[in-house]
Each structure stands twice: as structure tokens, then as C-alpha cells.
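protein04.csv (CSV, C-alpha atoms) appears below.
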```csv
chain,number,residue,atom,x,y,z
A,224,MET,CA,-33.5,-22.1,48.6
A,225,SER,CA,-31.0,-19.4,49.6
A,226,ILE,CA,-28.1,-19.0,47.2
A,227,ALA,CA,-26.3,-16.2,49.0
A,228,THR,CA,-22.6,-16.6,49.7
A,229,LYS,CA,-20.0,-14.4,51.3
A,230,GLN,CA,-19.0,-11.5,49.0
A,231,PRO,CA,-15.2,-11.5,48.5
A,232,SER,CA,-13.4,-8.3,49.2
A,233,SER,CA,-13.0,-6.1,46.1
A,234,LYS,CA,-9.6,-5.0,47.4
A,235,SER,CA,-7.9,-8.4,47.1
A,236,ALA,CA,-7.4,-10.5,44.1
A,237,PRO,CA,-9.1,-13.9,44.0
A,238,THR,CA,-7.2,-17.0,45.2
A,239,ARG,CA,-5.3,-18.6,42.4
A,240,ILE,CA,-6.9,-22.0,41.6
A,241,LEU,CA,-5.6,-23.0,38.2
A,242,SER,CA,-2.7,-25.5,38.0
A,243,SER,CA,0.3,-24.9,35.8
A,244,GLN,CA,-1.0,-27.9,33.7
A,245,GLN,CA,-4.4,-26.1,33.2
A,246,ILE,CA,-2.6,-22.8,32.2
A,247,ASP,CA,-0.5,-24.8,29.7
A,248,GLU,CA,-3.6,-26.4,28.4
A,249,PHE,CA,-5.2,-23.0,27.7
A,250,LEU,CA,-2.0,-21.8,26.0
A,251,SER,CA,-1.8,-24.8,23.7
A,252,VAL,CA,-5.4,-26.0,23.3
A,253,GLY,CA,-7.4,-22.8,24.2
A,254,ALA,CA,-9.8,-24.6,26.6
A,255,ILE,CA,-9.9,-25.5,30.2
A,256,HIS,CA,-12.4,-28.0,31.7
A,257,LEU,CA,-13.0,-26.8,35.3
A,258,PRO,CA,-14.8,-29.4,37.3
A,259,ALA,CA,-17.2,-28.3,40.1
A,260,ALA,CA,-16.9,-24.6,39.1
A,261,ILE,CA,-20.2,-24.1,40.9
A,262,ALA,CA,-21.8,-26.2,43.6
A,263,PRO,CA,-24.2,-29.0,42.3
A,264,ASP,CA,-27.1,-27.6,44.3
A,265,LEU,CA,-26.6,-24.2,42.8
A,266,ALA,CA,-26.4,-25.7,39.3
A,267,GLU,CA,-29.8,-27.4,40.0
A,268,HIS,CA,-31.2,-24.2,41.3
A,269,TYR,CA,-30.3,-22.4,38.0
A,270,ALA,CA,-31.6,-25.4,36.0
A,271,GLN,CA,-35.0,-25.1,37.7
A,272,GLU,CA,-35.1,-21.3,37.0
A,273,MET,CA,-34.2,-22.0,33.4
A,274,LEU,CA,-37.0,-24.6,33.0
A,275,ALA,CA,-39.4,-21.9,34.4
A,276,TYR,CA,-38.2,-19.5,31.6
A,277,MET,CA,-38.7,-22.3,29.0
A,278,ASP,CA,-42.2,-23.1,30.4
A,279,ILE,CA,-41.9,-26.8,29.6
A,280,ASP,CA,-42.2,-30.1,31.5
A,281,GLU,CA,-38.7,-31.6,31.3
A,282,HIS,CA,-40.1,-35.1,31.6
A,283,GLU,CA,-42.7,-34.7,28.8
A,284,PRO,CA,-41.0,-34.2,25.4
A,285,GLU,CA,-44.3,-33.4,23.8
A,286,SER,CA,-44.3,-30.1,25.7
A,287,TRP,CA,-41.1,-29.2,23.9
A,288,ARG,CA,-42.5,-28.8,20.4
A,289,GLU,CA,-43.4,-25.1,20.5
A,290,LEU,CA,-40.2,-24.1,22.1
A,291,ARG,CA,-38.2,-26.0,19.5
A,292,LYS,CA,-39.8,-23.8,16.8
A,293,GLN,CA,-38.3,-20.6,18.4
A,294,PRO,CA,-35.4,-19.0,16.4
A,295,ASP,CA,-33.5,-18.3,19.7
A,296,ASN,CA,-32.4,-21.0,22.1
A,297,ARG,CA,-32.3,-18.8,25.1
A,298,GLY,CA,-34.4,-20.0,28.0
A,299,ASN,CA,-36.9,-17.1,28.0
A,300,ALA,CA,-38.1,-17.9,24.5
A,301,THR,CA,-41.7,-18.7,25.5
A,302,LYS,CA,-42.3,-17.2,28.9
A,303,GLN,CA,-41.5,-13.6,29.9
A,304,LEU,CA,-40.2,-13.7,33.5
A,305,PRO,CA,-38.0,-11.2,35.3
A,306,GLU,CA,-34.4,-11.9,34.3
A,307,LYS,CA,-32.2,-13.1,37.1
A,308,ARG,CA,-28.5,-12.4,37.0
A,309,TYR,CA,-25.8,-13.7,39.4
A,310,SER,CA,-22.5,-12.2,40.3
A,311,TYR,CA,-19.5,-14.4,39.5
A,312,GLN,CA,-17.7,-13.1,42.6
A,313,GLN,CA,-20.6,-13.9,44.9
A,314,HIS,CA,-22.1,-17.1,43.5
A,315,ALA,CA,-19.2,-18.7,41.6
A,316,PRO,CA,-16.0,-17.6,43.3
A,317,THR,CA,-14.0,-20.5,42.0
A,318,LEU,CA,-15.0,-19.7,38.5
A,319,TRP,CA,-14.4,-16.0,39.0
A,320,ALA,CA,-10.8,-16.8,40.2
A,321,ALA,CA,-10.2,-18.8,37.1
A,322,LEU,CA,-11.4,-15.9,34.9
A,323,CYS,CA,-9.2,-13.5,36.7
A,324,GLU,CA,-6.1,-15.7,36.3
A,325,LEU,CA,-6.7,-16.0,32.5
A,326,LEU,CA,-7.4,-12.4,31.9
A,327,GLY,CA,-4.8,-10.6,34.1
A,328,GLY,CA,-6.8,-9.8,37.2
A,329,PRO,CA,-10.2,-8.5,38.3
A,330,GLU,CA,-9.3,-4.9,37.5
A,331,ARG,CA,-9.1,-5.7,33.8
A,332,ILE,CA,-12.6,-7.3,33.6
A,333,ILE,CA,-15.7,-5.1,33.2
A,334,ALA,CA,-17.2,-4.3,36.6
A,335,ASN,CA,-20.3,-6.0,37.9
A,336,LYS,CA,-19.8,-9.0,35.7
A,337,ASP,CA,-22.4,-11.6,36.1
A,338,PHE,CA,-24.1,-14.6,34.4
A,339,GLN,CA,-27.8,-15.4,34.0
A,340,SER,CA,-30.0,-18.4,34.6
A,341,ASN,CA,-32.0,-18.1,31.4
A,342,GLY,CA,-29.2,-19.8,29.5
A,343,VAL,CA,-29.1,-21.9,26.3
A,344,TYR,CA,-30.8,-25.2,25.8
A,345,SER,CA,-30.8,-28.1,23.5
A,346,LEU,CA,-34.0,-30.2,23.1
A,347,ALA,CA,-34.4,-33.5,21.3
A,348,ASP,CA,-37.1,-33.8,18.6
A,349,PRO,CA,-40.1,-35.5,20.3
A,350,ASP,CA,-40.6,-37.6,17.1
A,351,VAL,CA,-37.0,-38.8,17.2
A,352,LEU,CA,-37.4,-39.8,20.8
A,353,ALA,CA,-40.6,-41.8,19.9
A,354,SER,CA,-38.6,-43.7,17.2
A,355,PRO,CA,-37.4,-47.3,17.9
A,356,ASP,CA,-33.7,-46.1,18.2
A,357,PRO,CA,-33.3,-42.4,18.8
A,358,ARG,CA,-29.5,-42.7,19.1
A,359,ALA,CA,-29.3,-44.0,15.5
A,360,CYS,CA,-30.6,-40.6,14.4
A,361,TRP,CA,-27.7,-38.7,15.9
A,362,GLN,CA,-25.2,-37.0,13.6
A,363,ALA,CA,-22.0,-35.3,14.6
A,364,PRO,CA,-21.8,-31.6,13.6
A,365,LEU,CA,-18.9,-32.3,11.2
A,366,PRO,CA,-18.0,-29.2,9.2
A,367,GLY,CA,-16.6,-31.4,6.3
A,368,GLU,CA,-20.1,-32.8,5.9
A,369,ASN,CA,-21.6,-29.3,6.1
A,370,ARG,CA,-23.2,-30.0,9.5
A,371,GLY,CA,-23.2,-27.8,12.6
A,372,THR,CA,-23.3,-24.1,13.3
A,373,TRP,CA,-19.6,-23.4,13.6
A,374,HIS,CA,-18.8,-19.8,14.6
A,375,VAL,CA,-16.9,-17.5,17.0
A,376,ASP,CA,-19.0,-15.5,19.4
A,377,GLY,CA,-19.6,-11.8,18.6
A,378,LYS,CA,-21.9,-10.8,15.8
A,379,GLU,CA,-20.9,-7.9,13.5
A,380,GLU,CA,-23.9,-5.9,14.8
A,381,TRP,CA,-22.3,-6.0,18.2
A,382,PHE,CA,-18.7,-5.3,17.3
A,383,ARG,CA,-16.1,-5.7,14.6
A,384,HIS,CA,-13.6,-8.4,15.4
A,385,TYR,CA,-9.9,-7.4,15.8
A,386,LEU,CA,-6.9,-9.1,17.2
A,387,ASP,CA,-7.3,-7.0,20.4
A,388,SER,CA,-11.1,-6.9,20.7
A,389,PRO,CA,-12.1,-6.7,24.4
A,390,GLN,CA,-15.8,-7.5,23.9
A,391,VAL,CA,-15.3,-11.3,24.0
A,392,ALA,CA,-12.3,-12.2,26.0
A,393,LEU,CA,-13.5,-15.6,27.1
A,394,LEU,CA,-16.3,-17.9,26.2
A,395,VAL,CA,-17.7,-19.5,29.4
A,396,LEU,CA,-19.9,-22.6,29.4
A,397,ILE,CA,-21.5,-23.3,32.8
A,398,LEU,CA,-23.3,-26.7,32.9
A,399,PHE,CA,-26.5,-26.6,34.9
A,400,ARG,CA,-27.1,-30.3,34.1
A,401,ASP,CA,-24.8,-33.1,32.8
A,402,SER,CA,-23.7,-32.6,29.2
A,403,SER,CA,-22.9,-35.4,26.9
A,404,ARG,CA,-22.1,-36.1,23.3
A,405,LEU,CA,-25.5,-37.5,22.4
A,406,GLY,CA,-27.2,-35.0,24.6
A,407,GLY,CA,-26.3,-31.8,22.7
A,408,ALA,CA,-22.9,-30.9,24.2
A,409,THR,CA,-21.0,-28.1,22.5
A,410,TRP,CA,-18.2,-29.0,20.1
A,411,TYR,CA,-15.1,-26.9,19.6
A,412,ALA,CA,-11.9,-26.9,17.4
A,413,PRO,CA,-8.7,-26.4,19.4
A,414,GLU,CA,-6.7,-25.6,16.2
A,415,SER,CA,-8.9,-22.6,15.4
A,416,PRO,CA,-7.5,-20.0,17.9
A,417,ALA,CA,-4.1,-20.2,16.3
A,418,LEU,CA,-5.5,-19.9,12.8
A,419,MET,CA,-7.8,-17.0,13.9
A,420,SER,CA,-4.9,-15.2,15.6
A,421,LYS,CA,-2.9,-15.3,12.5
A,422,PHE,CA,-5.8,-14.1,10.4
A,423,TYR,CA,-6.6,-11.2,12.7
A,424,ALA,CA,-2.9,-10.2,12.9
A,425,ALA,CA,-2.7,-10.1,9.1
A,426,HIS,CA,-6.0,-8.1,8.9
A,427,PRO,CA,-5.7,-5.0,11.2
A,428,GLN,CA,-8.7,-3.5,9.4
A,429,GLY,CA,-10.8,-6.0,11.3
A,430,GLY,CA,-13.5,-8.5,10.3
A,431,GLY,CA,-13.2,-12.2,10.3
A,432,PRO,CA,-12.8,-15.1,7.9
A,433,HIS,CA,-15.7,-17.4,7.1
A,434,PRO,CA,-15.7,-20.2,9.7
A,435,LYS,CA,-15.8,-22.8,7.0
A,436,ASP,CA,-12.5,-21.6,5.6
A,437,ILE,CA,-10.9,-22.0,9.1
A,438,MET,CA,-12.6,-25.3,9.8
A,439,ALA,CA,-11.4,-26.8,6.6
A,440,GLN,CA,-7.9,-26.6,8.2
A,441,CYS,CA,-9.0,-28.2,11.5
A,442,THR,CA,-8.9,-32.0,12.2
A,443,ASP,CA,-9.1,-31.9,16.0
A,444,LEU,CA,-12.7,-31.7,17.2
A,445,ARG,CA,-13.6,-32.0,20.9
A,446,VAL,CA,-16.8,-32.1,22.9
A,447,ALA,CA,-17.5,-30.2,26.1
A,448,GLU,CA,-18.8,-33.1,28.1
A,449,GLY,CA,-19.2,-32.7,31.8
A,450,ARG,CA,-21.2,-32.9,35.0
A,451,ALA,CA,-23.6,-30.4,36.4
A,452,GLY,CA,-21.7,-27.6,38.0
A,453,ASP,CA,-18.7,-28.0,35.6
A,454,ALA,CA,-17.5,-25.1,33.4
A,455,PHE,CA,-15.5,-24.8,30.2
A,456,LEU,CA,-13.4,-21.8,29.6
A,457,LEU,CA,-12.8,-21.3,25.9
A,458,HIS,CA,-10.5,-19.0,24.0
A,459,PRO,CA,-12.4,-16.1,22.4
A,460,PHE,CA,-11.1,-17.1,19.0
A,461,MET,CA,-12.4,-20.7,19.5
A,462,ILE,CA,-14.7,-21.8,16.7
A,463,HIS,CA,-17.5,-23.9,18.2
A,464,SER,CA,-20.8,-25.4,17.3
A,465,GLY,CA,-24.0,-26.7,18.8
A,466,ALA,CA,-24.9,-30.3,18.3
A,467,PRO,CA,-28.0,-32.5,18.1
A,468,ASN,CA,-29.6,-33.9,21.3
A,469,VAL,CA,-31.2,-37.3,20.9
A,470,LEU,CA,-31.7,-38.0,24.7
A,471,PRO,CA,-34.9,-37.5,26.6
A,472,GLN,CA,-33.2,-34.9,28.9
A,473,PRO,CA,-32.9,-31.2,28.0
A,474,ARG,CA,-29.3,-29.9,27.9
A,475,LEU,CA,-29.3,-26.8,30.1
A,476,MET,CA,-26.3,-24.4,30.4
A,477,GLU,CA,-25.2,-20.8,30.4
A,478,ASN,CA,-23.1,-19.6,27.5
A,479,ASP,CA,-21.5,-16.4,28.6
A,480,ASN,CA,-19.0,-13.9,27.1
A,481,VAL,CA,-16.6,-12.2,29.5
A,482,SER,CA,-15.5,-8.7,28.4
A,483,LEU,CA,-12.5,-6.5,29.3
A,484,ARG,CA,-12.4,-2.8,30.2
A,485,GLN,CA,-9.6,-2.2,27.6
A,486,PRO,CA,-8.4,-3.9,24.4
A,487,LEU,CA,-5.8,-6.6,24.7
A,488,CYS,CA,-2.2,-5.5,24.6
A,489,PHE,CA,0.6,-7.5,23.0
A,490,ASN,CA,3.5,-5.0,23.6
A,491,ARG,CA,3.6,-4.4,27.4
A,492,ASP,CA,6.7,-2.8,28.9
A,493,ASP,CA,6.7,-5.5,31.5
A,494,ALA,CA,6.3,-9.0,30.0
A,495,THR,CA,5.1,-10.3,33.3
A,496,GLU,CA,2.0,-8.2,32.9
A,497,PHE,CA,0.8,-10.1,29.8
A,498,SER,CA,-2.3,-12.1,30.7
A,499,VAL,CA,-2.6,-15.8,29.9
A,500,LEU,CA,-4.9,-14.9,27.0
A,501,GLU,CA,-2.4,-12.4,25.6
A,502,ARG,CA,0.4,-14.9,26.0
A,503,SER,CA,-1.6,-17.5,24.1
A,504,ILE,CA,-2.2,-15.2,21.2
A,505,LEU,CA,1.5,-14.2,21.1
A,506,GLY,CA,2.4,-17.9,21.1
A,507,HIS,CA,0.1,-18.6,18.2
A,508,LEU,CA,1.8,-15.8,16.3
A,509,GLY,CA,5.2,-17.1,17.2
A,510,VAL,CA,6.5,-13.9,18.7
A,511,GLU,CA,7.3,-12.5,22.2
A,512,ARG,CA,5.7,-9.1,21.4
A,513,HIS,CA,3.5,-7.7,18.7
A,514,ASP,CA,2.9,-4.0,18.1
A,515,PHE,CA,-0.7,-4.3,16.8
A,516,ALA,CA,-2.5,-1.2,15.6
A,517,ARG,CA,-6.0,-1.1,14.1
A,518,ILE,CA,-6.4,0.6,10.7
A,519,ALA,CA,-9.6,2.0,9.2
A,520,ALA,CA,-11.6,-0.6,7.3
```

Please re-express this file's structure in C-alpha cells.
Amino acid sequence: MSIATKQPSSKSAPTRILSSQQIDEFLSVGAIHLPAAIAPDLAEHYAQEMLAYMDIDEHEPESWRELRKQPDNRGNATKQLPEKRYSYQQHAPTLWAALCELLGGPERIIANKDFQSNGVYSLADPDVLASPDPRACWQAPLPGENRGTWHVDGKEEWFRHYLDSPQVALLVLILFRDSSRLGGATWYAPESPALMSKFYAAHPQGGGPHPKDIMAQCTDLRVAEGRAGDAFLLHPFMIHSGAPNVLPQPRLMENDNVSLRQPLCFNRDDATEFSVLERSILGHLGVERHDFARIAA
């Protein structure tokens, strides 16, 4: 199938598509659920490409065993195929418009931004699926019970985390197939961006706290459940975790990090120039401006 769409003009900003309620939700909760961010037929196109990378039969759980042994849960773990990348502007204009609204405009986002179809998967254990009641084997990734893989995106080998780090400005989850609680949907902690903002502001030398220390203070845990084609836009300081899948359908999605050209700025001359992301961090710090400066570690 052809997935070409009209390329928007680079001279004009994308149409605003987020409601004031969605903006307020990002400011307070650090997450926006964006239904129909990409067309369902495109989501299925990307799902089929991802299954080709995975080299499995989605209807035969026994074919999942070898892939489940791989340390990485990217779709190309078993089969080396040419990587396919897709422009947000061309193939996901609604999603692109939302990213621009949250980050202060297209000129602030790294040029040629795109996403890929060899995304991240979650596969149920074939032995669990063969049991009398697979759903009874499911366990929520509760940090208090030392379950889950709670983290913020951005490993230390990639960059050192600061309050103004531009490398991960948004975490974008694009669902290629329906995502549900029992089917391995991502979990996230809406209280964590405020706690992380305060930590980073108090530690200008950079580096982050252990996620367990932050999660010990979080009681609100939510699940990114949605339909194929939906997207979730999460705050870069959002601590999140994978979860078990006990359903006979692979969970297929893209987990992307959107990066900025320049570090975040919390002391702009014109307050109207603060991005929604910058406003959210200032709100978490309880100030209108913050003169942040990195210091040597």
C-alpha cells in the first residue's frame, strides 16, 4: 500500500490541534492521550512491517520463544532488514502538530525528525498462554512489590540528565495495535515529573535519582491503554515501566524520544515564549521563572 501523504510547508507552523483541556492535562499530569494520532490503516501498515522485523507468526505463540530470549525488545531483534523511518510531518501530521504545540514550535525541534516501524514489542510467554487461566498469571508492575522496569528515558551513556536537557523533550508512544492492561500496555506515574523537576533543579551538576526513590513517593499509577493509531505524549521526566502481556496478541508500538535543538530555557525575556513543557517544569517548581545554570559534576 502507498503511505505517501502531502508534505506540509516548512514555512508555516502546524495547525493547532490540542484543546485547552489537553494542555492543562499535560501541565498537571504530564501526559496526553491523543486518539487517532495516525490513521488506523497506517498503524496496521507499521504493525506488519514490525512483524516482519520480528520474524514471527503473530498467530502462533510457539514462534515467539526465540525472540523472547533477546535482551532488546526492538522489532529487529531476530531479522536484519533495512530500517524504515517515517517523517512525522509527512505521515503523522496530527501528531506532529501536537509535538510542536508542546515544545514551542517546529523550529525548536531537531530537523528531519521521524519515527520508525521497528518499534518495541511485548510478547506473552507461550507456556503461560497454554495454561488453564493465563490471566491469573498476570501481575501488575508495582514498584512497592519490586516489580516492573521503572525508569526515565535516556541512559547515562547517551547523555547526562539535567533540568534543561534537550535530548529527551517528549516520550511518544504510538500504538500500532490496540494496547490493554493485560496485553502489556505501558505504565506511568503522573506524580514523577514534579518530583524529578525538583530533584534536577536542586542538582545542577546533573545526574538523576534512583527511580525507586522517586516511585516510593508515587501513589498514582496509570496505564497507556488505547486503540491502534492512538498516541500518548509523556513528559520527559515521566517514570514509566513495561508490563507483562498474558494475551495471545503481540503488543506492537513505537517508543520514540523527541529532541530539541537547544536546551530548555526557564528564564525567557518574553513569558509567552515559554513552551508548554517549560511551563510545566516551572509549575512543578512553583516559580514563574528559574535561572538554571549547569555546574561541573

Please tabulate, as JSON lines, the residues of stretch 234-295 of chain A that come within 8 Å of stretch 492-512 of chain A, each with its closest pair of atoms and the distance in Å to one decimal, counting only C-alpha atoms and ordering rows by chain, then residue number upward.
```
{"residue": "A:Ile246", "atom": "CA", "partner": "A:Val499", "partner_atom": "CA", "distance": 7.4}
{"residue": "A:Phe249", "atom": "CA", "partner": "A:Ser503", "partner_atom": "CA", "distance": 7.5}
{"residue": "A:Leu250", "atom": "CA", "partner": "A:Ser503", "partner_atom": "CA", "distance": 4.7}
{"residue": "A:Ser251", "atom": "CA", "partner": "A:Ser503", "partner_atom": "CA", "distance": 7.3}
{"residue": "A:Gly253", "atom": "CA", "partner": "A:Ser503", "partner_atom": "CA", "distance": 7.9}
```

* To do: Would you list the contacts of A:Val446 as a ChimeraX atom specification, taking every protein, DNA or RNA residue within 7 Å and counting only C-alpha atoms, but skipping same-chain residues closer than 3 positions in sequence?
  => /A:404,408-411

* Name the residues within 7 Å of (-7.4, -7.2, 19.0), counting only C-alpha atoms in the file's coordinates, and put them as a ChimeraX atom specification. => /A:385-388,486-487

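Atom pair atom CA of A:Ser482 / atom CA of A:Val391 has a distance of 5.1 Å (rounded to one decimal).
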
Identify the residues within 9 Å of coordinate (-9.3, -0.7, 11.0) (same frame as the file), considering only C-alpha atoms, and give the answer as a compact mmCIF listing (two decimals) with C-alpha atoms, in the frame of the given file.
```txt
# COMPACT_ATOMS: atom_id res chain seq x y z
CA TYR A 385 -9.90 -7.40 15.80
CA HIS A 426 -6.00 -8.10 8.90
CA PRO A 427 -5.70 -5.00 11.20
CA GLN A 428 -8.70 -3.50 9.40
CA GLY A 429 -10.80 -6.00 11.30
CA GLY A 430 -13.50 -8.50 10.30
CA ALA A 516 -2.50 -1.20 15.60
CA ARG A 517 -6.00 -1.10 14.10
CA ILE A 518 -6.40 0.60 10.70
CA ALA A 519 -9.60 2.00 9.20
CA ALA A 520 -11.60 -0.60 7.30
```

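The smallest atom-to-atom distance between A:His374 and any of A:Gln313, A:Ser354, A:Ser464, A:Ser402, using all atoms listed in the file, is found for A:Ser464.
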
* Pick from A:Ser286, A:Asn480, A:Asn490, A:Ser340, whichever lies nearest to A:Leu265 using all atoms listed in the file ->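 Closest to A:Leu265, using all atoms listed in the file: A:Ser340.
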
* To do: Quote the spacing between atom CA of A:Asn369 and atom CA of A:Ala425 in Å to one decimal place.
  => 27.1 Å

* Asked: Skipping near chain neighbours, those fewer than 4 positions away, what residues fall within 9 Å of A:Pro349 using only C-alpha atoms, listed as a list in words?
  ->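 Returned residues: Glu283, Pro284, Glu285, Ser286, Trp287, Arg288, Ala353, Ser354 and Pro471 of chain A.
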
* Asked: Near A:Leu304, within 10 Å and counting all atoms listed in the file, which residues show up once chain neighbours fewer than 5 positions away are dropped, as a PyMOL selection string?
  -> chain A and resi 272+275-277+299+341

Saved selection, atoms kept: C-alpha atoms, as a short mmCIF file (atom, residue, chain, number, x, y, z; two decimals), in the coordinates of the input:
```
data_model
loop_
_atom_site.label_atom_id
_atom_site.label_comp_id
_atom_site.auth_asym_id
_atom_site.auth_seq_id
_atom_site.Cartn_x
_atom_site.Cartn_y
_atom_site.Cartn_z
CA GLU A 272 -35.10 -21.30 37.00
CA ALA A 275 -39.40 -21.90 34.40
CA TYR A 276 -38.20 -19.50 31.60
CA MET A 277 -38.70 -22.30 29.00
CA ASN A 299 -36.90 -17.10 28.00
CA ASN A 341 -32.00 -18.10 31.40
#
```

* To do: Grab the atom CA of A:Pro432 to atom CA of A:Leu483 distance for me, in Å with one decimal place.
  =>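 Rounded to one decimal, the two atoms are 23.1 Å apart.
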
* Structure fact -> Nearest to A:Arg370, restricted to only C-alpha atoms and choosing among A:Ala417, A:Cys441, A:Pro467, A:Pro316, comes out as A:Pro467

* Using only C-alpha atoms, pick whichever of A:Gly465, A:Ala270, A:Ser420, A:Leu346 has the shortest atom-to-atom distance to A:Leu290. =>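 With only C-alpha atoms as the atom set, the closest residue is A:Leu346.
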
* **Nearest-residue call for A:Gln390, choices A:Ala259, A:Leu457, A:Ile333, A:Ala359, using all atoms listed in the file** => A:Ile333

* Asked: Given the choices A:Leu318, A:Ala363, A:Val351, A:Ile462, which gets closest to A:Ala262 if the distance is worked out from all atoms listed in the file?
  ->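 Answer, going by the shortest atom-to-atom distance: A:Leu318.
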
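The residue set within 10 Å of A:Tyr269, counting only C-alpha atoms and dropping same-chain residues fewer than 6 places from it, reads Pro263, Ala275, Lys307, Tyr309, Gln339, Ser340, Asn341, Gly342, Leu398, Phe399, Arg400, Leu475, Met476 and Glu477 of chain A.
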
Keeping only C-alpha atoms, write the selected residues as a short mmCIF file (atom, residue, chain, number, x, y, z; two decimals), keeping the file's coordinate frame.
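Final output, selection.cif:
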```cif
data_model
loop_
_atom_site.label_atom_id
_atom_site.label_comp_id
_atom_site.auth_asym_id
_atom_site.auth_seq_id
_atom_site.Cartn_x
_atom_site.Cartn_y
_atom_site.Cartn_z
CA PRO A 263 -24.20 -29.00 42.30
CA ALA A 275 -39.40 -21.90 34.40
CA LYS A 307 -32.20 -13.10 37.10
CA TYR A 309 -25.80 -13.70 39.40
CA GLN A 339 -27.80 -15.40 34.00
CA SER A 340 -30.00 -18.40 34.60
CA ASN A 341 -32.00 -18.10 31.40
CA GLY A 342 -29.20 -19.80 29.50
CA LEU A 398 -23.30 -26.70 32.90
CA PHE A 399 -26.50 -26.60 34.90
CA ARG A 400 -27.10 -30.30 34.10
CA LEU A 475 -29.30 -26.80 30.10
CA MET A 476 -26.30 -24.40 30.40
CA GLU A 477 -25.20 -20.80 30.40
#
```

* Would you list the contacts of A:Leu456 as a PyMOL selection string, taking every protein, DNA or RNA residue within 9 Å and counting all atoms listed in the file, but skipping same-chain residues closer than 2 positions in sequence? => chain A and resi 249+253-257+321-322+393-397+454+458
